[in-house]
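Each remark here refers to the structure printed beneath this line.
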Amino acid sequence: MRALDTLHPRPFRLHNPIQHYEWGERGASAFIAKLLGVQDSSPLPYAELWVGAHPSAPSLMELPDGSRQPLSEAVQKWPQEILGSPVIQAFGASWPFLFKILSAAEPLSIQAHPDAQQAQRLHLQDPHHFPDPHAKPEMAVALTPFHALVGFKPVDAWREVFRTFPEIASFADADALFPGTDMEFVRNAFQHMLTKAQQSPHLLAYTLEATAKRISVASPPFATMADIFHQLLARYGPQDVGLLVLLFLNPVELSPGQAVFLPPGLPHAYLKGNIVECMTNSDNVIRLGLTPKYKDTQAIVTALSFEPQKVAVMTPTQDQHTVYRVPCDAFEVHRWTLPPQAEVAPERPGGPEILFILRGRGRLGWQEKHGPANMPYETGQSFLIPAHLPAYRLIAETETLAFAGRVPL
């Protein structure tokens, strides 16, 4: 039997694909480029680093002989060793989550993600734009100050938009909106604006240009949105309904270590900053506006949650280890902050784990049949911890910040 026919229990270094989406940071100071130590003189944006086994961009798993194999293929070859029985029973012989580093220099599209039933239907109808038959709940943990818009504002805040911007009130026929429940009010107002935008693009343009003039002299909280509004108006033009929707979403500001969970259907737009992101192993995105990519207004109306809500912000604990638990059985995120010369043995629940080193230098230690073994780690490196490795240690030589994605067994 050749050595690589058997996968021995140990950590495996991963080499990960970069997504060069237009909104990413550029140049030598780009967060992801600096993280990886890349000296890139090209103007390519560094938007996302994918760590996982998604079929469109799998990580490469470095084997002991130095060869590299896509993690998606390795999971097919060694499902029991990599995934473990509990994960196979829950998810089949497939990798359950996707771990990312996301770096936004500019706002992303206004979007939402489908639930399981919607994902299956959209995938069957349009597999090109919806490549996965899976729901896509996700969470974001800030690495730097991070700004986003998440969830619809309460009805009182909608009425404040209408008072401050009479052209939007006229466009939405605000006086004719029946009260109903808060969710009914938001749904009716949103659908009315969407329909009006499709039927009267010139009226939408007039409304957005009038709003651009008013927002420059508006009082808080609208004044804080003025720069973003003008930036996006210049980029996408006055016939993008996403510019209207911006004003009806809750602003969220995260400090490093703080996190939010985004269930399917929650409207959101990331504005600026750097995060660790973890989600089910899906790339399904339903976009409404503020993007040159494919938009599906019919699908997003079906997918959206219209219940006004402020997203709960999770704050890290003061000790070395924080667990960000979310209402999803496919993933949870762990964060370790270790001082120099510290050592920790993360609990191993029995499934696979992605370990990413955001800062620091040290060693990973584990036990083999012949005795202790170790391998070095440094900033920007990531590792697969397979299910059949019962224990490992993080041994920090310098101050270390590490994140892990794992299945919450």
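Residue numbers start at 1 in each chain; chains themselves are named A, B, ... in the order of the structure tokens; ligands are numbered from 1 in the order shown.
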
Sort by chain and increasing residue number a table of all residues of segment 271-381 of chain A within 12 Å of segment 66-85 of chain A, each with its closest pair of atoms and their distance in Å to one decimal, counting only C-alpha atoms, and write it as JSON lines.
{"residue": "A:Asn281", "atom": "CA", "partner": "A:Ser72", "partner_atom": "CA", "distance": 11.3}
{"residue": "A:Arg348", "atom": "CA", "partner": "A:Gly84", "partner_atom": "CA", "distance": 11.8}
{"residue": "A:Pro349", "atom": "CA", "partner": "A:Gly84", "partner_atom": "CA", "distance": 10.2}
{"residue": "A:Gly350", "atom": "CA", "partner": "A:Gly84", "partner_atom": "CA", "distance": 6.7}
{"residue": "A:Gly351", "atom": "CA", "partner": "A:Gly84", "partner_atom": "CA", "distance": 5.6}
{"residue": "A:Pro352", "atom": "CA", "partner": "A:Leu83", "partner_atom": "CA", "distance": 5.4}
{"residue": "A:Glu353", "atom": "CA", "partner": "A:Leu83", "partner_atom": "CA", "distance": 9.0}
{"residue": "A:Ile354", "atom": "CA", "partner": "A:Ile82", "partner_atom": "CA", "distance": 11.2}

If you keep C-alpha atoms, can you produce a file of those selected residues as a compact mmCIF listing (two decimals), in the first residue's frame?
# COMPACT_ATOMS: atom_id res chain seq x y z
CA ASN A 281 -21.07 25.45 1.83
CA ARG A 348 -12.15 18.38 19.63
CA PRO A 349 -15.84 17.51 19.15
CA GLY A 350 -15.12 14.84 16.57
CA GLY A 351 -15.69 16.65 13.27
CA PRO A 352 -13.43 18.51 10.84
CA GLU A 353 -12.00 21.93 11.61
CA ILE A 354 -10.50 24.78 9.60

List as a tab-separated table every residue of segment 293-407 of chain A that is in contact with segment 116-136 of chain A, defined as an atom at most 12 Å from one of its atoms (using only C-alpha atoms), together with the nearest atom pair and the distance in Å rounded to one decimal, sorted by chain and then rising number.
residue	atom	partner	partner_atom	distance
A:Lys293	CA	A:His129	CA	9.7
A:Tyr294	CA	A:His129	CA	7.4
A:Lys295	CA	A:His129	CA	9.4
A:Asp296	CA	A:His129	CA	9.6
A:Gln298	CA	A:Leu122	CA	11.2
A:Ala299	CA	A:Leu122	CA	8.2
A:Ile300	CA	A:Gln118	CA	10.2
A:Val301	CA	A:Gln118	CA	11.6
A:Thr302	CA	A:Gln118	CA	8.4
A:Ala303	CA	A:Gln118	CA	7.2
A:Leu304	CA	A:Gln118	CA	10.8
A:Cys328	CA	A:Lys136	CA	9.9
A:Asp329	CA	A:Ala135	CA	11.9
A:Ala330	CA	A:Lys136	CA	10.2
A:Phe331	CA	A:Lys136	CA	11.3

Restricted to N, CA, C and O atoms, what would the selected residues look like written as a PDB file, in the first residue's frame?
ATOM      1  N   LYS A 293     -23.543  42.678 -11.190  1.00  0.00           N
ATOM      2  CA  LYS A 293     -23.857  41.258 -11.292  1.00  0.00           C
ATOM      3  C   LYS A 293     -25.358  41.035 -11.471  1.00  0.00           C
ATOM      4  O   LYS A 293     -26.159  41.968 -11.389  1.00  0.00           O
ATOM      5  N   TYR A 294     -25.716  39.796 -11.674  1.00  0.00           N
ATOM      6  CA  TYR A 294     -27.098  39.417 -11.941  1.00  0.00           C
ATOM      7  C   TYR A 294     -27.994  39.773 -10.757  1.00  0.00           C
ATOM      8  O   TYR A 294     -27.682  39.476  -9.604  1.00  0.00           O
ATOM      9  N   LYS A 295     -29.115  40.432 -11.055  1.00  0.00           N
ATOM     10  CA  LYS A 295     -30.104  40.804 -10.040  1.00  0.00           C
ATOM     11  C   LYS A 295     -31.418  40.084 -10.341  1.00  0.00           C
ATOM     12  O   LYS A 295     -31.792  39.915 -11.501  1.00  0.00           O
ATOM     13  N   ASP A 296     -32.112  39.667  -9.295  1.00  0.00           N
ATOM     14  CA  ASP A 296     -33.378  38.941  -9.462  1.00  0.00           C
ATOM     15  C   ASP A 296     -34.379  39.519  -8.467  1.00  0.00           C
ATOM     16  O   ASP A 296     -34.469  39.076  -7.315  1.00  0.00           O
ATOM     17  N   GLN A 298     -37.632  39.423  -8.514  1.00  0.00           N
ATOM     18  CA  GLN A 298     -38.733  38.515  -8.193  1.00  0.00           C
ATOM     19  C   GLN A 298     -38.315  37.538  -7.102  1.00  0.00           C
ATOM     20  O   GLN A 298     -39.059  37.297  -6.137  1.00  0.00           O
ATOM     21  N   ALA A 299     -37.111  36.990  -7.230  1.00  0.00           N
ATOM     22  CA  ALA A 299     -36.634  36.025  -6.234  1.00  0.00           C
ATOM     23  C   ALA A 299     -36.412  36.690  -4.883  1.00  0.00           C
ATOM     24  O   ALA A 299     -36.689  36.094  -3.838  1.00  0.00           O
ATOM     25  N   ILE A 300     -35.920  37.926  -4.878  1.00  0.00           N
ATOM     26  CA  ILE A 300     -35.603  38.539  -3.586  1.00  0.00           C
ATOM     27  C   ILE A 300     -36.873  38.911  -2.827  1.00  0.00           C
ATOM     28  O   ILE A 300     -36.914  38.833  -1.592  1.00  0.00           O
ATOM     29  N   VAL A 301     -37.939  39.281  -3.534  1.00  0.00           N
ATOM     30  CA  VAL A 301     -39.206  39.552  -2.857  1.00  0.00           C
ATOM     31  C   VAL A 301     -39.723  38.290  -2.182  1.00  0.00           C
ATOM     32  O   VAL A 301     -40.260  38.321  -1.065  1.00  0.00           O
ATOM     33  N   THR A 302     -39.531  37.156  -2.843  1.00  0.00           N
ATOM     34  CA  THR A 302     -39.956  35.875  -2.263  1.00  0.00           C
ATOM     35  C   THR A 302     -39.089  35.485  -1.077  1.00  0.00           C
ATOM     36  O   THR A 302     -39.576  34.914  -0.096  1.00  0.00           O
ATOM     37  N   ALA A 303     -37.809  35.818  -1.143  1.00  0.00           N
ATOM     38  CA  ALA A 303     -36.863  35.351  -0.123  1.00  0.00           C
ATOM     39  C   ALA A 303     -36.797  36.246   1.109  1.00  0.00           C
ATOM     40  O   ALA A 303     -36.464  35.776   2.199  1.00  0.00           O
ATOM     41  N   LEU A 304     -37.097  37.536   0.962  1.00  0.00           N
ATOM     42  CA  LEU A 304     -36.831  38.486   2.039  1.00  0.00           C
ATOM     43  C   LEU A 304     -37.705  38.262   3.268  1.00  0.00           C
ATOM     44  O   LEU A 304     -38.879  37.922   3.178  1.00  0.00           O
ATOM     45  N   CYS A 328     -27.443  27.349  13.657  1.00  0.00           N
ATOM     46  CA  CYS A 328     -27.162  26.632  12.415  1.00  0.00           C
ATOM     47  C   CYS A 328     -26.359  25.395  12.771  1.00  0.00           C
ATOM     48  O   CYS A 328     -25.384  25.491  13.532  1.00  0.00           O
ATOM     49  N   ASP A 329     -26.736  24.239  12.260  1.00  0.00           N
ATOM     50  CA  ASP A 329     -26.053  22.999  12.638  1.00  0.00           C
ATOM     51  C   ASP A 329     -24.829  22.706  11.777  1.00  0.00           C
ATOM     52  O   ASP A 329     -24.156  21.708  11.989  1.00  0.00           O
ATOM     53  N   ALA A 330     -24.497  23.595  10.819  1.00  0.00           N
ATOM     54  CA  ALA A 330     -23.385  23.322   9.916  1.00  0.00           C
ATOM     55  C   ALA A 330     -22.076  23.944  10.375  1.00  0.00           C
ATOM     56  O   ALA A 330     -21.003  23.497   9.961  1.00  0.00           O
ATOM     57  N   PHE A 331     -22.129  24.989  11.222  1.00  0.00           N
ATOM     58  CA  PHE A 331     -20.873  25.643  11.593  1.00  0.00           C
ATOM     59  C   PHE A 331     -21.023  26.428  12.880  1.00  0.00           C
ATOM     60  O   PHE A 331     -22.123  26.826  13.271  1.00  0.00           O
TER      61      PHE A 331
END

Residues flagged helix (DSSP H, G or I) by DSSP in segment 169-282 of chain A, as an MDAnalysis selection string: chainID A and resid 169:171 174:176 182:199 201:215 222:236 242:246

Would you pick out the contacts of segment 394-400 of chain A at 9 Å or less, using only C-alpha atoms, so that residues sharing its chain but fewer than 2 positions from it are not included, and give the list as a list in words?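 Listed by chain and then number, they are Trp336, Thr337, Leu338, Pro339, Pro340, Gln341, Ala342, Glu343, Val344, Ala345, Pro346, Ile357, Leu358, Arg359, Gly360, Arg361, Gly362, Arg363, Leu364, Gly365, Glu378, Thr379, Tyr392 and Ala402 of chain A.
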
What does the file look like for those residues with N, CA, C and O atoms, as a short mmCIF file (atom, residue, chain, number, x, y, z; two decimals), in the first residue's frame?
data_model
loop_
_atom_site.label_atom_id
_atom_site.label_comp_id
_atom_site.auth_asym_id
_atom_site.auth_seq_id
_atom_site.Cartn_x
_atom_site.Cartn_y
_atom_site.Cartn_z
N TRP A 336 -9.23 32.47 19.23
CA TRP A 336 -8.22 32.38 20.29
C TRP A 336 -7.29 33.57 20.20
O TRP A 336 -6.81 33.93 19.12
N THR A 337 -7.03 34.19 21.33
CA THR A 337 -6.03 35.24 21.43
C THR A 337 -5.02 34.79 22.48
O THR A 337 -5.32 34.76 23.67
N LEU A 338 -3.83 34.42 22.02
CA LEU A 338 -2.82 33.83 22.91
C LEU A 338 -1.62 34.76 23.06
O LEU A 338 -1.09 35.27 22.07
N PRO A 339 -1.18 35.01 24.30
CA PRO A 339 0.05 35.78 24.49
C PRO A 339 1.26 34.93 24.12
O PRO A 339 1.17 33.70 23.96
N PRO A 340 2.43 35.55 23.98
CA PRO A 340 3.65 34.77 23.67
C PRO A 340 3.88 33.67 24.70
O PRO A 340 3.64 33.84 25.90
N GLN A 341 4.32 32.53 24.22
CA GLN A 341 4.66 31.35 25.02
C GLN A 341 3.43 30.66 25.63
O GLN A 341 3.59 29.75 26.45
N ALA A 342 2.25 31.08 25.25
CA ALA A 342 1.04 30.40 25.75
C ALA A 342 0.78 29.14 24.93
O ALA A 342 1.25 28.99 23.80
N GLU A 343 0.01 28.25 25.52
CA GLU A 343 -0.30 26.98 24.85
C GLU A 343 -1.75 26.62 25.19
O GLU A 343 -2.21 26.80 26.31
N VAL A 344 -2.48 26.13 24.18
CA VAL A 344 -3.86 25.74 24.39
C VAL A 344 -4.14 24.48 23.58
O VAL A 344 -3.58 24.27 22.50
N ALA A 345 -4.98 23.61 24.16
CA ALA A 345 -5.41 22.40 23.47
C ALA A 345 -6.90 22.55 23.17
O ALA A 345 -7.74 22.30 24.05
N PRO A 346 -7.28 23.00 21.97
CA PRO A 346 -8.69 23.19 21.66
C PRO A 346 -9.48 21.89 21.80
O PRO A 346 -9.00 20.81 21.47
N ILE A 357 -4.69 31.23 10.93
CA ILE A 357 -3.84 32.07 11.77
C ILE A 357 -3.88 33.49 11.22
O ILE A 357 -3.35 33.78 10.15
N LEU A 358 -4.54 34.38 11.94
CA LEU A 358 -4.63 35.78 11.52
C LEU A 358 -3.39 36.57 11.92
O LEU A 358 -3.03 37.55 11.26
N ARG A 359 -2.76 36.17 12.98
CA ARG A 359 -1.57 36.88 13.44
C ARG A 359 -0.77 35.95 14.33
O ARG A 359 -1.34 35.24 15.16
N GLY A 360 0.54 35.96 14.16
CA GLY A 360 1.39 35.23 15.10
C GLY A 360 2.26 34.18 14.45
O GLY A 360 2.19 33.90 13.25
N ARG A 361 3.09 33.58 15.29
CA ARG A 361 4.01 32.52 14.87
C ARG A 361 4.11 31.51 16.00
O ARG A 361 4.10 31.87 17.18
N GLY A 362 4.16 30.24 15.64
CA GLY A 362 4.26 29.20 16.65
C GLY A 362 4.26 27.83 16.03
O GLY A 362 4.72 27.65 14.89
N ARG A 363 3.72 26.85 16.77
CA ARG A 363 3.71 25.46 16.29
C ARG A 363 2.36 24.82 16.60
O ARG A 363 1.69 25.17 17.57
N LEU A 364 1.98 23.89 15.75
CA LEU A 364 0.89 22.97 16.03
C LEU A 364 1.51 21.66 16.50
O LEU A 364 2.39 21.11 15.84
N GLY A 365 1.04 21.17 17.64
CA GLY A 365 1.57 19.92 18.17
C GLY A 365 0.49 18.86 18.24
O GLY A 365 -0.68 19.16 18.50
N GLU A 378 2.41 30.32 10.90
CA GLU A 378 2.69 31.75 10.89
C GLU A 378 1.50 32.49 10.30
O GLU A 378 0.57 31.88 9.77
N THR A 379 1.55 33.81 10.39
CA THR A 379 0.44 34.66 9.93
C THR A 379 0.04 34.31 8.50
O THR A 379 0.89 34.16 7.62
N TYR A 392 -5.02 18.28 19.36
CA TYR A 392 -3.85 19.03 18.90
C TYR A 392 -3.66 20.20 19.83
O TYR A 392 -4.54 20.54 20.63
N ALA A 402 -6.01 33.46 16.32
CA ALA A 402 -6.41 32.35 15.46
C ALA A 402 -7.91 32.18 15.48
O ALA A 402 -8.56 32.39 16.52
#

Given only C-alpha atoms as the basis, pick out the residue of A:Gly257, A:Pro316, A:Gly242, A:Pro267 nearest to Ala142 of chain A.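 Going through A:Gly257, A:Pro316, A:Gly242, A:Pro267 one by one, the smallest distance to Ala142 of chain A is for A:Gly257.
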
May I have a table of the residues of segment 156-218 of chain A lying at most 12 Å from segment 283-289 of chain A, giving each one's closest pair of atoms and their distance in Å to one decimal, counting only C-alpha atoms, ordered by chain and ascending residue number, as a Markdown table?
| residue | atom | partner | partner_atom | distance |
| --- | --- | --- | --- | --- |
| A:Phe190 | CA | A:Leu288 | CA | 11.7 |
| A:Leu194 | CA | A:Leu288 | CA | 9.7 |
| A:Ala197 | CA | A:Gly289 | CA | 11.7 |

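In terms of minimum interatomic distance to Pro96 of chain A, A:Arg406 ranks closest within A:His334, A:Lys310, A:Arg214, A:Arg406, counting only C-alpha atoms.
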
Considering only C-alpha atoms, can you say which of A:Pro308, A:Pro327, A:Gly265, A:Pro107 comes closest to Lys153 of chain A? A:Pro308

Provide the atom CA of Val260 of chain A to atom CA of Tyr324 of chain A distance in Å, to one decimal place.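 So the two atoms, atom CA of Val260 of chain A and atom CA of Tyr324 of chain A, lie 9.1 Å apart.
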
Please identify which residues in segment 57-258 of chain A DSSP calls strand (DSSP E) from the backbone, and express them as an MDAnalysis selection string. chainID A and resid 60:62 68:70 97:104 110:112 138:142 146:152 249:254

Work out how far apart atom CA of Gln19 of chain A and atom CA of Met139 of chain A are and give it in Å to one decimal.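 Calculated distance between atom CA of Gln19 of chain A and atom CA of Met139 of chain A is 18.7 Å.
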
Contacts of His202 of chain A at 12 Å or less, counting only C-alpha atoms, minus same-chain residues fewer than 2 places along, as a PyMOL selection string? chain A and resi 171+196-200+204-209+237-241
